[in-house]
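**Student:** Quick one, structure-v1.cif (mmCIF, C-alpha atoms):
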data_target
#
loop_
_atom_site.group_PDB
_atom_site.id
_atom_site.type_symbol
_atom_site.label_atom_id
_atom_site.label_comp_id
_atom_site.auth_asym_id
_atom_site.auth_seq_id
_atom_site.Cartn_x
_atom_site.Cartn_y
_atom_site.Cartn_z
ATOM 1 C CA ASP S 4 82.560 59.175 109.786
ATOM 2 C CA ALA S 5 82.417 62.453 111.736
ATOM 3 C CA ILE S 6 83.813 60.773 114.862
ATOM 4 C CA VAL S 7 86.769 59.388 112.886
ATOM 5 C CA ASP S 8 87.443 62.831 111.368
ATOM 6 C CA ILE S 9 87.292 64.679 114.682
ATOM 7 C CA VAL S 10 89.311 62.147 116.690
ATOM 8 C CA GLY S 11 91.852 61.868 113.868
ATOM 9 C CA VAL S 12 92.402 65.623 113.807
ATOM 10 C CA ALA S 13 92.764 65.717 117.598
ATOM 11 C CA ILE S 14 95.364 62.933 117.477
ATOM 12 C CA GLY S 15 97.203 64.715 114.664
ATOM 13 C CA LEU S 16 97.330 68.067 116.458
ATOM 14 C CA ASP S 17 98.654 66.348 119.574
ATOM 15 C CA ALA S 18 101.232 64.266 117.680
ATOM 16 C CA LEU S 19 102.540 67.345 115.835
ATOM 17 C CA GLY S 20 102.740 69.386 119.040
ATOM 18 C CA ILE S 21 100.455 72.104 117.676
ATOM 19 C CA ALA S 22 100.027 74.869 120.256
ATOM 20 C CA SER S 23 97.608 77.084 118.310
ATOM 21 C CA VAL S 24 95.632 77.031 115.064
ATOM 22 C CA ALA S 25 95.031 79.845 112.577
ATOM 23 C CA ALA S 26 92.858 79.662 109.460
ATOM 24 C CA SER S 27 92.172 81.860 106.487
ATOM 25 C CA PRO S 28 88.648 83.249 105.976
ATOM 26 C CA LEU S 29 86.476 80.351 104.827
ATOM 27 C CA PRO S 30 85.009 80.015 101.295
ATOM 28 C CA LEU S 31 81.333 79.045 101.187
ATOM 29 C CA GLY S 32 79.669 77.458 98.200
ATOM 30 C CA ARG S 33 76.081 77.783 97.020
ATOM 31 C CA GLY S 34 73.332 75.490 95.761
ATOM 32 C CA TRP S 35 71.902 72.405 97.457
ATOM 33 C CA ALA S 36 73.237 69.297 99.188
ATOM 34 C CA GLU S 37 71.388 65.984 99.395
ATOM 35 C CA CYS S 38 71.214 64.723 102.969
ATOM 36 C CA ASP S 39 69.535 61.707 104.588
ATOM 37 C CA HIS S 40 66.576 63.894 105.541
ATOM 38 C CA GLY S 41 66.290 65.693 102.208
ATOM 39 C CA PRO S 42 67.927 68.595 100.339
ATOM 40 C CA LEU S 43 69.555 71.411 102.335
ATOM 41 C CA PRO S 44 70.667 74.826 101.056
ATOM 42 C CA LEU S 45 74.388 75.582 100.969
ATOM 43 C CA PRO S 46 76.092 76.554 103.094
ATOM 44 C CA ALA S 47 74.344 74.035 105.328
ATOM 45 C CA PRO S 48 72.399 75.475 108.288
ATOM 46 C CA ALA S 49 74.746 73.717 110.730
ATOM 47 C CA VAL S 50 77.744 75.350 109.043
ATOM 48 C CA CYS S 51 76.153 78.801 109.300
ATOM 49 C CA ARG S 52 75.443 78.294 112.985
ATOM 50 C CA LEU S 53 78.912 76.931 113.768
ATOM 51 C CA LEU S 54 80.706 79.724 111.916
ATOM 52 C CA GLU S 55 78.925 82.605 113.611
ATOM 53 C CA GLY S 56 81.603 85.191 114.364
ATOM 54 C CA ALA S 57 84.075 83.749 111.822
ATOM 55 C CA PRO S 58 85.032 85.558 108.578
ATOM 56 C CA VAL S 59 83.587 83.892 105.458
ATOM 57 C CA TYR S 60 83.142 84.784 101.786
ATOM 58 C CA GLY S 61 81.155 83.464 98.852
ATOM 59 C CA ALA S 62 83.217 81.300 96.490
ATOM 60 C CA GLY S 63 80.616 81.511 93.710
ATOM 61 C CA ILE S 64 80.450 77.784 92.871
ATOM 62 C CA ASP S 65 77.702 75.184 93.302
ATOM 63 C CA MET S 66 79.515 72.926 95.739
ATOM 64 C CA GLU S 67 79.847 72.344 99.475
ATOM 65 C CA LEU S 68 83.277 73.664 100.447
ATOM 66 C CA VAL S 69 82.948 73.696 104.256
ATOM 67 C CA THR S 70 81.164 70.788 105.923
ATOM 68 C CA PRO S 71 79.627 70.864 109.409
ATOM 69 C CA THR S 72 82.416 68.557 110.597
ATOM 70 C CA GLY S 73 85.098 70.865 109.179
ATOM 71 C CA ALA S 74 83.473 73.909 110.744
ATOM 72 C CA ALA S 75 83.188 72.128 114.105
ATOM 73 C CA ILE S 76 86.866 71.107 114.027
ATOM 74 C CA LEU S 77 88.026 74.667 113.367
ATOM 75 C CA LYS S 78 85.834 76.218 116.040
ATOM 76 C CA GLY S 79 86.565 73.428 118.507
ATOM 77 C CA SER S 80 90.327 73.815 118.064
ATOM 78 C CA GLY S 81 90.076 77.487 119.019
ATOM 79 C CA ALA S 82 91.271 78.611 115.601
ATOM 80 C CA ARG S 83 91.672 82.320 114.988
ATOM 81 C CA PHE S 84 90.949 83.622 111.506
ATOM 82 C CA GLY S 85 92.944 86.040 109.404
ATOM 83 C CA SER S 86 96.181 86.336 107.455
ATOM 84 C CA LEU S 87 99.021 83.841 107.748
ATOM 85 C CA PRO S 88 100.811 84.562 111.047
ATOM 86 C CA ALA S 89 104.553 85.185 111.200
ATOM 87 C CA MET S 90 106.193 81.782 111.492
ATOM 88 C CA THR S 91 109.222 79.701 110.586
ATOM 89 C CA LEU S 92 107.763 77.103 108.227
ATOM 90 C CA THR S 93 108.806 73.515 109.004
ATOM 91 C CA ALA S 94 106.322 71.308 107.127
ATOM 92 C CA THR S 95 103.442 71.420 104.644
ATOM 93 C CA GLY S 96 100.697 68.837 104.177
ATOM 94 C CA TYR S 97 97.859 68.439 101.671
ATOM 95 C CA GLY S 98 94.589 66.528 101.788
ATOM 96 C CA ALA S 99 92.653 65.950 98.567
ATOM 97 C CA GLY S 100 88.890 65.594 98.330
ATOM 98 C CA SER S 101 87.307 63.018 96.039
ATOM 99 C CA ARG S 102 84.909 65.486 94.378
ATOM 100 C CA ARG S 103 86.010 67.675 91.472
ATOM 101 C CA ARG S 104 85.365 71.380 91.731
ATOM 102 C CA PRO S 105 83.252 72.780 88.876
ATOM 103 C CA ASP S 106 85.666 75.705 88.457
ATOM 104 C CA GLY S 107 88.620 73.396 87.765
ATOM 105 C CA ARG S 108 90.610 74.358 90.869
ATOM 106 C CA PRO S 109 92.136 71.532 92.941
ATOM 107 C CA ASN S 110 89.925 70.349 95.813
ATOM 108 C CA LEU S 111 92.643 70.551 98.452
ATOM 109 C CA LEU S 112 93.051 71.386 102.117
ATOM 110 C CA ARG S 113 96.538 72.637 103.007
ATOM 111 C CA LEU S 114 98.136 72.597 106.453
ATOM 112 C CA LEU S 115 101.247 74.686 107.197
ATOM 113 C CA VAL S 116 103.188 73.820 110.352
ATOM 114 C CA GLY S 117 105.859 75.995 111.921
ATOM 115 C CA TYR S 118 107.178 77.857 114.923
ATOM 116 C CA PRO S 119 105.983 81.397 115.714
ATOM 117 C CA PHE S 120 108.586 84.118 115.878
ATOM 118 C CA SER S 121 108.695 87.818 116.609
ATOM 119 C CA ALA S 122 109.105 89.216 113.126
ATOM 120 C CA ALA S 123 111.042 92.391 112.507
ATOM 121 C CA GLU S 124 108.755 95.379 112.401
ATOM 122 C CA ALA S 125 106.449 95.248 109.428
ATOM 123 C CA GLN S 126 107.479 97.797 106.811
ATOM 124 C CA GLU S 127 103.995 97.594 105.316
ATOM 125 C CA VAL S 128 101.192 98.468 107.697
ATOM 126 C CA GLU S 129 97.427 98.714 107.572
ATOM 127 C CA VAL S 130 95.871 102.016 108.595
ATOM 128 C CA ILE S 131 92.310 101.697 109.938
ATOM 129 C CA GLU S 132 90.189 104.828 110.450
ATOM 130 C CA THR S 133 86.660 105.785 111.392
ATOM 131 C CA ASN S 134 84.784 109.000 112.268
ATOM 132 C CA LEU S 135 82.756 108.903 115.482
ATOM 133 C CA ASP S 136 80.139 111.502 116.446
ATOM 134 C CA ASP S 137 77.904 109.540 118.844
ATOM 135 C CA TRP S 138 80.484 107.806 121.019
ATOM 136 C CA SER S 139 81.622 108.636 124.535
ATOM 137 C CA PRO S 140 85.389 109.313 124.524
ATOM 138 C CA GLU S 141 85.678 108.351 128.199
ATOM 139 C CA THR S 142 85.960 104.721 127.050
ATOM 140 C CA PHE S 143 88.975 105.492 124.831
ATOM 141 C CA PRO S 144 91.601 104.294 127.375
ATOM 142 C CA HIS S 145 89.834 100.922 127.542
ATOM 143 C CA LEU S 146 89.565 100.721 123.755
ATOM 144 C CA SER S 147 93.203 101.717 123.308
ATOM 145 C CA GLU S 148 94.358 99.030 125.739
ATOM 146 C CA LEU S 149 92.369 96.347 123.926
ATOM 147 C CA LEU S 150 93.710 97.407 120.540
ATOM 148 C CA PHE S 151 97.316 97.281 121.707
ATOM 149 C CA GLU S 152 96.746 93.855 123.270
ATOM 150 C CA ARG S 153 95.427 92.616 119.915
ATOM 151 C CA GLY S 154 98.341 93.766 117.793
ATOM 152 C CA ALA S 155 98.002 97.516 117.170
ATOM 153 C CA LEU S 156 101.277 99.372 116.675
ATOM 154 C CA ASP S 157 99.767 102.803 117.272
ATOM 155 C CA VAL S 158 96.354 104.127 118.345
ATOM 156 C CA SER S 159 95.370 107.793 118.181
ATOM 157 C CA ILE S 160 92.236 109.920 118.422
ATOM 158 C CA GLY S 161 91.681 113.528 117.398
ATOM 159 C CA PRO S 162 88.800 116.029 117.368
ATOM 160 C CA ILE S 163 87.030 116.775 114.075
ATOM 161 C CA GLN S 164 83.920 118.672 112.997
ATOM 162 C CA MET S 165 81.395 116.463 111.258
ATOM 163 C CA LYS S 166 78.199 116.975 109.292
ATOM 164 C CA LYS S 167 75.591 119.380 110.640
ATOM 165 C CA GLY S 168 78.320 121.057 112.696
ATOM 166 C CA ARG S 169 78.509 118.261 115.259
ATOM 167 C CA PRO S 170 81.860 117.654 117.018
ATOM 168 C CA GLY S 171 83.315 114.192 116.614
ATOM 169 C CA PHE S 172 86.491 112.155 116.753
ATOM 170 C CA LEU S 173 88.807 110.572 114.203
ATOM 171 C CA LEU S 174 90.034 107.193 115.460
ATOM 172 C CA ARG S 175 93.155 105.908 113.692
ATOM 173 C CA VAL S 176 94.792 102.529 114.287
ATOM 174 C CA ILE S 177 98.052 101.372 112.683
ATOM 175 C CA ALA S 178 98.920 97.673 112.669
ATOM 176 C CA GLY S 179 100.650 94.916 110.787
ATOM 177 C CA PRO S 180 98.347 93.448 108.110
ATOM 178 C CA ALA S 181 98.079 90.124 109.978
ATOM 179 C CA HIS S 182 96.189 91.797 112.857
ATOM 180 C CA GLY S 183 93.790 93.863 110.748
ATOM 181 C CA HIS S 184 90.703 91.647 110.962
ATOM 182 C CA GLU S 185 90.728 91.286 114.756
ATOM 183 C CA LEU S 186 91.314 95.006 115.269
ATOM 184 C CA LYS S 187 88.404 95.906 112.981
ATOM 185 C CA GLN S 188 86.123 93.579 114.923
ATOM 186 C CA THR S 189 87.287 95.194 118.170
ATOM 187 C CA ILE S 190 86.461 98.690 116.898
ATOM 188 C CA PHE S 191 82.985 97.570 115.808
ATOM 189 C CA THR S 192 82.406 95.909 119.187
ATOM 190 C CA GLU S 193 83.731 98.656 121.453
ATOM 191 C CA THR S 194 82.605 101.823 119.631
ATOM 192 C CA SER S 195 79.536 103.126 117.804
ATOM 193 C CA ALA S 196 81.294 102.825 114.414
ATOM 194 C CA ILE S 197 79.161 101.427 111.594
ATOM 195 C CA GLY S 198 81.870 101.648 108.941
ATOM 196 C CA LEU S 199 85.656 101.644 108.635
ATOM 197 C CA ARG S 200 88.203 102.843 106.099
ATOM 198 C CA PHE S 201 91.463 100.969 105.704
ATOM 199 C CA ARG S 202 94.480 101.057 103.431
ATOM 200 C CA ARG S 203 98.019 99.696 103.161
ATOM 201 C CA GLU S 204 100.966 102.062 103.589
ATOM 202 C CA ALA S 205 104.751 101.694 103.583
ATOM 203 C CA ARG S 206 106.755 102.933 106.554
ATOM 204 C CA LEU S 207 110.371 103.441 107.586
ATOM 205 C CA THR S 208 111.486 102.793 111.183
ATOM 206 C CA LEU S 209 114.775 103.232 112.997
ATOM 207 C CA PRO S 210 116.447 100.125 114.477
ATOM 208 C CA ARG S 211 115.869 99.822 118.218
ATOM 209 C CA ARG S 212 116.401 97.388 121.054
ATOM 210 C CA THR S 213 114.829 97.082 124.490
ATOM 211 C CA GLY S 214 116.755 96.834 127.720
ATOM 212 C CA THR S 215 117.497 98.615 131.000
ATOM 213 C CA VAL S 216 119.774 101.212 132.563
ATOM 214 C CA THR S 217 120.564 101.490 136.252
ATOM 215 C CA THR S 218 119.701 104.738 138.054
ATOM 216 C CA ARG S 219 120.162 105.734 141.694
ATOM 217 C CA TRP S 220 116.560 104.620 142.296
ATOM 218 C CA GLY S 221 116.755 101.292 140.472
ATOM 219 C CA GLU S 222 116.629 99.815 136.994
ATOM 220 C CA VAL S 223 114.529 101.551 134.338
ATOM 221 C CA ALA S 224 113.306 99.963 131.105
ATOM 222 C CA VAL S 225 114.500 101.860 128.024
ATOM 223 C CA LYS S 226 114.746 101.626 124.257
ATOM 224 C CA LEU S 227 118.051 102.126 122.475
ATOM 225 C CA VAL S 228 117.190 103.890 119.208
ATOM 226 C CA GLU S 229 119.878 103.956 116.531
ATOM 227 C CA GLY S 230 119.422 107.040 114.340
ATOM 228 C CA PRO S 231 121.547 108.781 111.686
ATOM 229 C CA ALA S 232 123.027 111.064 114.364
ATOM 230 C CA GLY S 233 123.900 108.169 116.695
ATOM 231 C CA ALA S 234 122.247 106.012 119.351
ATOM 232 C CA GLN S 235 119.919 107.488 121.950
ATOM 233 C CA LEU S 236 118.258 106.089 125.084
ATOM 234 C CA SER S 237 114.507 106.560 125.421
ATOM 235 C CA PRO S 238 112.865 105.672 128.794
ATOM 236 C CA GLU S 239 109.646 103.681 128.942
ATOM 237 C CA TYR S 240 106.942 105.835 130.526
ATOM 238 C CA GLU S 241 105.092 103.078 132.417
ATOM 239 C CA ASP S 242 108.290 101.778 134.012
ATOM 240 C CA CYS S 243 109.392 105.294 135.006
ATOM 241 C CA ARG S 244 105.944 105.952 136.445
ATOM 242 C CA ARG S 245 106.086 102.718 138.478
ATOM 243 C CA LEU S 246 109.541 103.498 139.867
ATOM 244 C CA ALA S 247 108.671 107.133 140.601
ATOM 245 C CA ARG S 248 105.670 106.073 142.696
ATOM 246 C CA LEU S 249 107.657 103.333 144.408
ATOM 247 C CA GLN S 250 110.586 105.596 145.337
ATOM 248 C CA GLY S 251 108.580 108.790 145.863
ATOM 249 C CA VAL S 252 110.568 110.850 143.343
ATOM 250 C CA PRO S 253 109.365 113.211 140.595
ATOM 251 C CA LEU S 254 108.811 111.529 137.252
ATOM 252 C CA ARG S 255 110.888 114.190 135.485
ATOM 253 C CA ALA S 256 113.827 113.347 137.773
ATOM 254 C CA LEU S 257 113.867 109.815 136.425
ATOM 255 C CA TYR S 258 113.728 111.075 132.843
ATOM 256 C CA ALA S 259 116.634 113.439 133.550
ATOM 257 C CA GLU S 260 118.624 110.613 135.147
ATOM 258 C CA VAL S 261 118.162 108.419 132.073
ATOM 259 C CA ALA S 262 119.118 111.324 129.789
ATOM 260 C CA ARG S 263 122.443 111.622 131.629
ATOM 261 C CA ARG S 264 123.271 107.960 131.081
ATOM 262 C CA ASP S 265 125.632 106.910 128.340
ATOM 263 C CA VAL S 266 124.588 104.300 125.791
ATOM 264 C CA THR S 267 127.322 102.077 127.223
ATOM 265 C CA ASP S 268 125.162 101.734 130.360
ATOM 266 C CA PHE S 269 122.478 100.016 128.268
ATOM 267 C CA VAL S 270 121.876 96.342 129.128
ATOM 268 C CA GLU S 271 119.943 94.556 126.394
ATOM 269 C CA LYS S 272 116.942 92.506 127.453
ATOM 270 C CA LYS S 273 117.597 88.792 127.123
ATOM 271 C CA LYS S 274 115.266 86.788 124.909
ATOM 272 C CA GLU S 275 113.289 84.085 126.674
ATOM 273 C CA ASP S 276 113.751 81.651 123.779
ATOM 274 C CA THR S 277 117.101 81.940 122.034
ATOM 275 C CA ASP S 278 115.952 79.705 119.186
ATOM 276 C CA GLY S 279 112.849 81.815 118.542
ATOM 277 C CA ALA S 280 110.620 78.769 118.812
ATOM 278 C CA GLY S 281 108.478 79.857 121.765
ATOM 279 C CA ASP S 282 106.377 77.293 123.602
ATOM 280 C CA SER S 283 106.368 74.975 120.598
ATOM 281 C CA GLY S 284 110.161 75.030 120.532
ATOM 282 C CA ARG S 285 110.406 74.154 124.207
ATOM 283 C CA LEU S 286 107.946 71.321 123.693
ATOM 284 C CA GLU S 287 109.973 69.994 120.759
ATOM 285 C CA LYS S 288 113.211 70.132 122.753
ATOM 286 C CA GLU S 289 111.534 68.227 125.605
ATOM 287 C CA LYS S 290 110.408 65.545 123.149
ATOM 288 C CA LYS S 291 113.926 65.206 121.774
#
Reformat the file's structure so that it appears as structure tokens.
**Tutor:**
Amino acid sequence: DAIVDIVGVAIGLDALGIASVAASPLPLGRGWAECDHGPLPLPAPAVCRLLEGAPVYGAGIDMELVTPTGAAILKGSGARFGSLPAMTLTATGYGAGSRRRPDGRPNLLRLLVGYPFSAAEAQEVEVIETNLDDWSPETFPHLSELLFERGALDVSIGPIQMKKGRPGFLLRVIAGPAHGHELKQTIFTETSAIGLRFRREARLTLPRRTGTVTTRWGEVAVKLVEGPAGAQLSPEYEDCRRLARLQGVPLRALYAEVARRDVTDFVEKKKEDTDGAGDSGRLEKEKK
């Protein structure tokens, strides 16, 4: 039975062209399950072992909601856990279990299939904060880099005075809600934090596009920010730094050169996938 389940899922993922899998936090039931070698507490020991590192929560009903086979399939498929990722929905499927839930809810597994896309900037963000008084700030550049790689929109740190007069730091991370869980795990892993505060906030951002302008020393990556007073070019620091070192010119000279450019010199960066489908879209077009 388990072999059929696992092989069937593998065939299905391949047939649908699934490039990655994401799952919501998993509900775990309570009580006991009768097995061939006697009763086992729920969630089953195998499920607990398989789901180490995955987010779970108690569903509060006497029923097995996640089986060892289901847990193995999710972990084996490399699923990441959290909120529904930004995607263009193309299909929905349901699988119904034969057992009735004691709380009256339908015993269903739902699969949503779609193509990922770069959503417009989230206008609702999650703000994650923690106070640190026993952490070495020399590792902040490494932490900041990891947080940005994992979806943070902004990372900042500031000095504060904590209890007993000890100096400390306030770490603040801003991100789209879909990335919150992974960022919280990163903070716990990379710092001495033992607790986090988080909240949802609305935000307002100006429209902007990425592209390049040509200077006497080469092309420089910039953002074109469209504000109430008109459009303005803003150079990307890392690209200016790279070009300044390559050409042996002062960094401020590059900034001044970009400031003298007109917005008409802006060349918008071309999108790699014009249909917004990413790797899955390319795979689908190859199949067609």
**Student:** Pick from S:Pro253, S:Gly161, S:Gly117, S:Gly154: nearest to S:Ile177, with only C-alpha atoms counted?
**Tutor:**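 Looking at the shortest contact to S:Ile177, the residue is S:Gly154.
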**Student:** Which residues fall under the PyMOL selection byres ((chain S and resi 164-176) around 10) in this file, as a ChimeraX atom specification?
**Tutor:** /S:129-140,143,147,150-151,155-163,177-178,183,186-187,190,196,199-201
**Student:** S:Pro105, S:Pro46, S:Pro58, S:Gly79: which is nearest S:Val10, counting only C-alpha atoms?
**Tutor:**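 Checking each candidate against S:Val10, we get S:Gly79 as the closest.
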**Student:** With all atoms listed in the file as the counted atoms, please give the residues lying no more than 9 Å from S:Arg211, apart from itself and same-chain residues fewer than 3 positions off, as a ChimeraX atom specification.
**Tutor:** /S:208,226-230,234
**Student:** Rounded to one decimal in Å, what is the spacing between atom CA of S:Ser23 and atom CA of S:Arg83?
**Tutor:**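 So the answer is 8.6 Å.
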**Student:** Starting from the shown file, work through the PyMOL selection byres ((chain S and resi 222) around 12) and note down what comes out as a list in words.
**Tutor:**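 Taken over the shown coordinates, the PyMOL selection byres ((chain S and resi 222) around 12) returns Gly214, Thr215, Val216, Thr217, Thr218, Arg219, Trp220, Gly221, Val223, Ala224, Val225, Pro238, Glu239, Asp242, Cys243, Arg245, Leu246, Ala247, Gln250, Leu257, Glu260, Val261, Asp268, Phe269 and Val270 of chain S.
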**Student:** For the selection just defined, write its residues with C-alpha atoms to a file, as a tab-separated table (two decimals), in the coordinates of the input.
**Tutor:**
chain	number	residue	atom	x	y	z
S	214	GLY	CA	116.76	96.83	127.72
S	215	THR	CA	117.50	98.62	131.00
S	216	VAL	CA	119.77	101.21	132.56
S	217	THR	CA	120.56	101.49	136.25
S	218	THR	CA	119.70	104.74	138.05
S	219	ARG	CA	120.16	105.73	141.69
S	220	TRP	CA	116.56	104.62	142.30
S	221	GLY	CA	116.76	101.29	140.47
S	223	VAL	CA	114.53	101.55	134.34
S	224	ALA	CA	113.31	99.96	131.10
S	225	VAL	CA	114.50	101.86	128.02
S	238	PRO	CA	112.86	105.67	128.79
S	239	GLU	CA	109.65	103.68	128.94
S	242	ASP	CA	108.29	101.78	134.01
S	243	CYS	CA	109.39	105.29	135.01
S	245	ARG	CA	106.09	102.72	138.48
S	246	LEU	CA	109.54	103.50	139.87
S	247	ALA	CA	108.67	107.13	140.60
S	250	GLN	CA	110.59	105.60	145.34
S	257	LEU	CA	113.87	109.82	136.43
S	260	GLU	CA	118.62	110.61	135.15
S	261	VAL	CA	118.16	108.42	132.07
S	268	ASP	CA	125.16	101.73	130.36
S	269	PHE	CA	122.48	100.02	128.27
S	270	VAL	CA	121.88	96.34	129.13
**Student:** In Å, with one decimal, what is the gap from atom CA of S:Gly251 to atom CA of S:Arg263?
**Tutor:**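 Pair atom CA of S:Gly251 / atom CA of S:Arg263 returns 20.1 Å.
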**Student:** Name the residues that the PyMOL selection byres ((chain S and resi 55-57) around 9) picks from the file above, as a PyMOL selection string, using the file's chain letters and numbers.
**Tutor:** chain S and resi 28-29+50-54+58-59+78+83-84
**Student:** Report the distance between atom CA of S:Pro88 and atom CA of S:Leu16 in Å, rounded to one decimal place.
**Tutor:** 17.7 Å
**Student:** Between S:Arg104, S:His40, S:His184, S:Lys272, which residue has the minimum interatomic distance to S:Asp65, considering only C-alpha atoms?
**Tutor:**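 The closest residue to S:Asp65 is S:Arg104.
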**Student:** Please return, as a tab-separated table (two decimals) with C-alpha atoms, in the frame of the given file, all polymer residues that have at least one atom within 8 Å of the point (85.1, 74.2, 97.0); use all atoms listed in the file and the file's own coordinate frame.
**Tutor:**
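As written to disk, part-v7.tsv reads:
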chain	number	residue	atom	x	y	z
S	30	PRO	CA	85.01	80.02	101.30
S	31	LEU	CA	81.33	79.04	101.19
S	32	GLY	CA	79.67	77.46	98.20
S	62	ALA	CA	83.22	81.30	96.49
S	64	ILE	CA	80.45	77.78	92.87
S	66	MET	CA	79.52	72.93	95.74
S	67	GLU	CA	79.85	72.34	99.48
S	68	LEU	CA	83.28	73.66	100.45
S	69	VAL	CA	82.95	73.70	104.26
S	104	ARG	CA	85.36	71.38	91.73
S	110	ASN	CA	89.92	70.35	95.81
**Student:** Contacts of S:Glu127 at 7 Å or less, counting all atoms listed in the file, minus same-chain residues fewer than 3 places along, as a PyMOL selection string?
**Tutor:** chain S and resi 179+203-206
**Student:** Might you pull out every residue within 7 Å of S:Val24, with all atoms listed in the file counted and same-chain residues fewer than 3 positions away left off, and present them as a short mmCIF file (atom, residue, chain, number, x, y, z; two decimals) with C-alpha atoms, keeping the file's coordinate frame?
**Tutor:**
data_model
loop_
_atom_site.label_atom_id
_atom_site.label_comp_id
_atom_site.auth_asym_id
_atom_site.auth_seq_id
_atom_site.Cartn_x
_atom_site.Cartn_y
_atom_site.Cartn_z
CA SER S 80 90.33 73.82 118.06
CA GLY S 81 90.08 77.49 119.02
CA ALA S 82 91.27 78.61 115.60
CA ARG S 83 91.67 82.32 114.99
#
**Student:** Point out the residue among S:Leu209, S:Pro119, S:Ile9, S:Arg244 with the least atom-to-atom distance to S:Pro231, counting all atoms listed in the file.
**Tutor:**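 Residue with the minimum atom-to-atom distance to S:Pro231: S:Leu209.
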**Student:** Tell me, as a PDB file with C-alpha atoms, keeping the file's coordinate frame, which residues lie within 12 Å of S:Glu37, counting all atoms listed in the file; anything in the same chain fewer than 4 positions away does not count.
**Tutor:**
ATOM      1  CA  GLY S  41      66.290  65.693 102.208  1.00  0.00           C
ATOM      2  CA  PRO S  42      67.927  68.595 100.339  1.00  0.00           C
ATOM      3  CA  LEU S  43      69.555  71.411 102.335  1.00  0.00           C
ATOM      4  CA  PRO S  44      70.667  74.826 101.056  1.00  0.00           C
ATOM      5  CA  LEU S  45      74.388  75.582 100.969  1.00  0.00           C
ATOM      6  CA  ALA S  47      74.344  74.035 105.328  1.00  0.00           C
ATOM      7  CA  MET S  66      79.515  72.926  95.739  1.00  0.00           C
ATOM      8  CA  GLU S  67      79.847  72.344  99.475  1.00  0.00           C
TER       9      GLU S  67
END
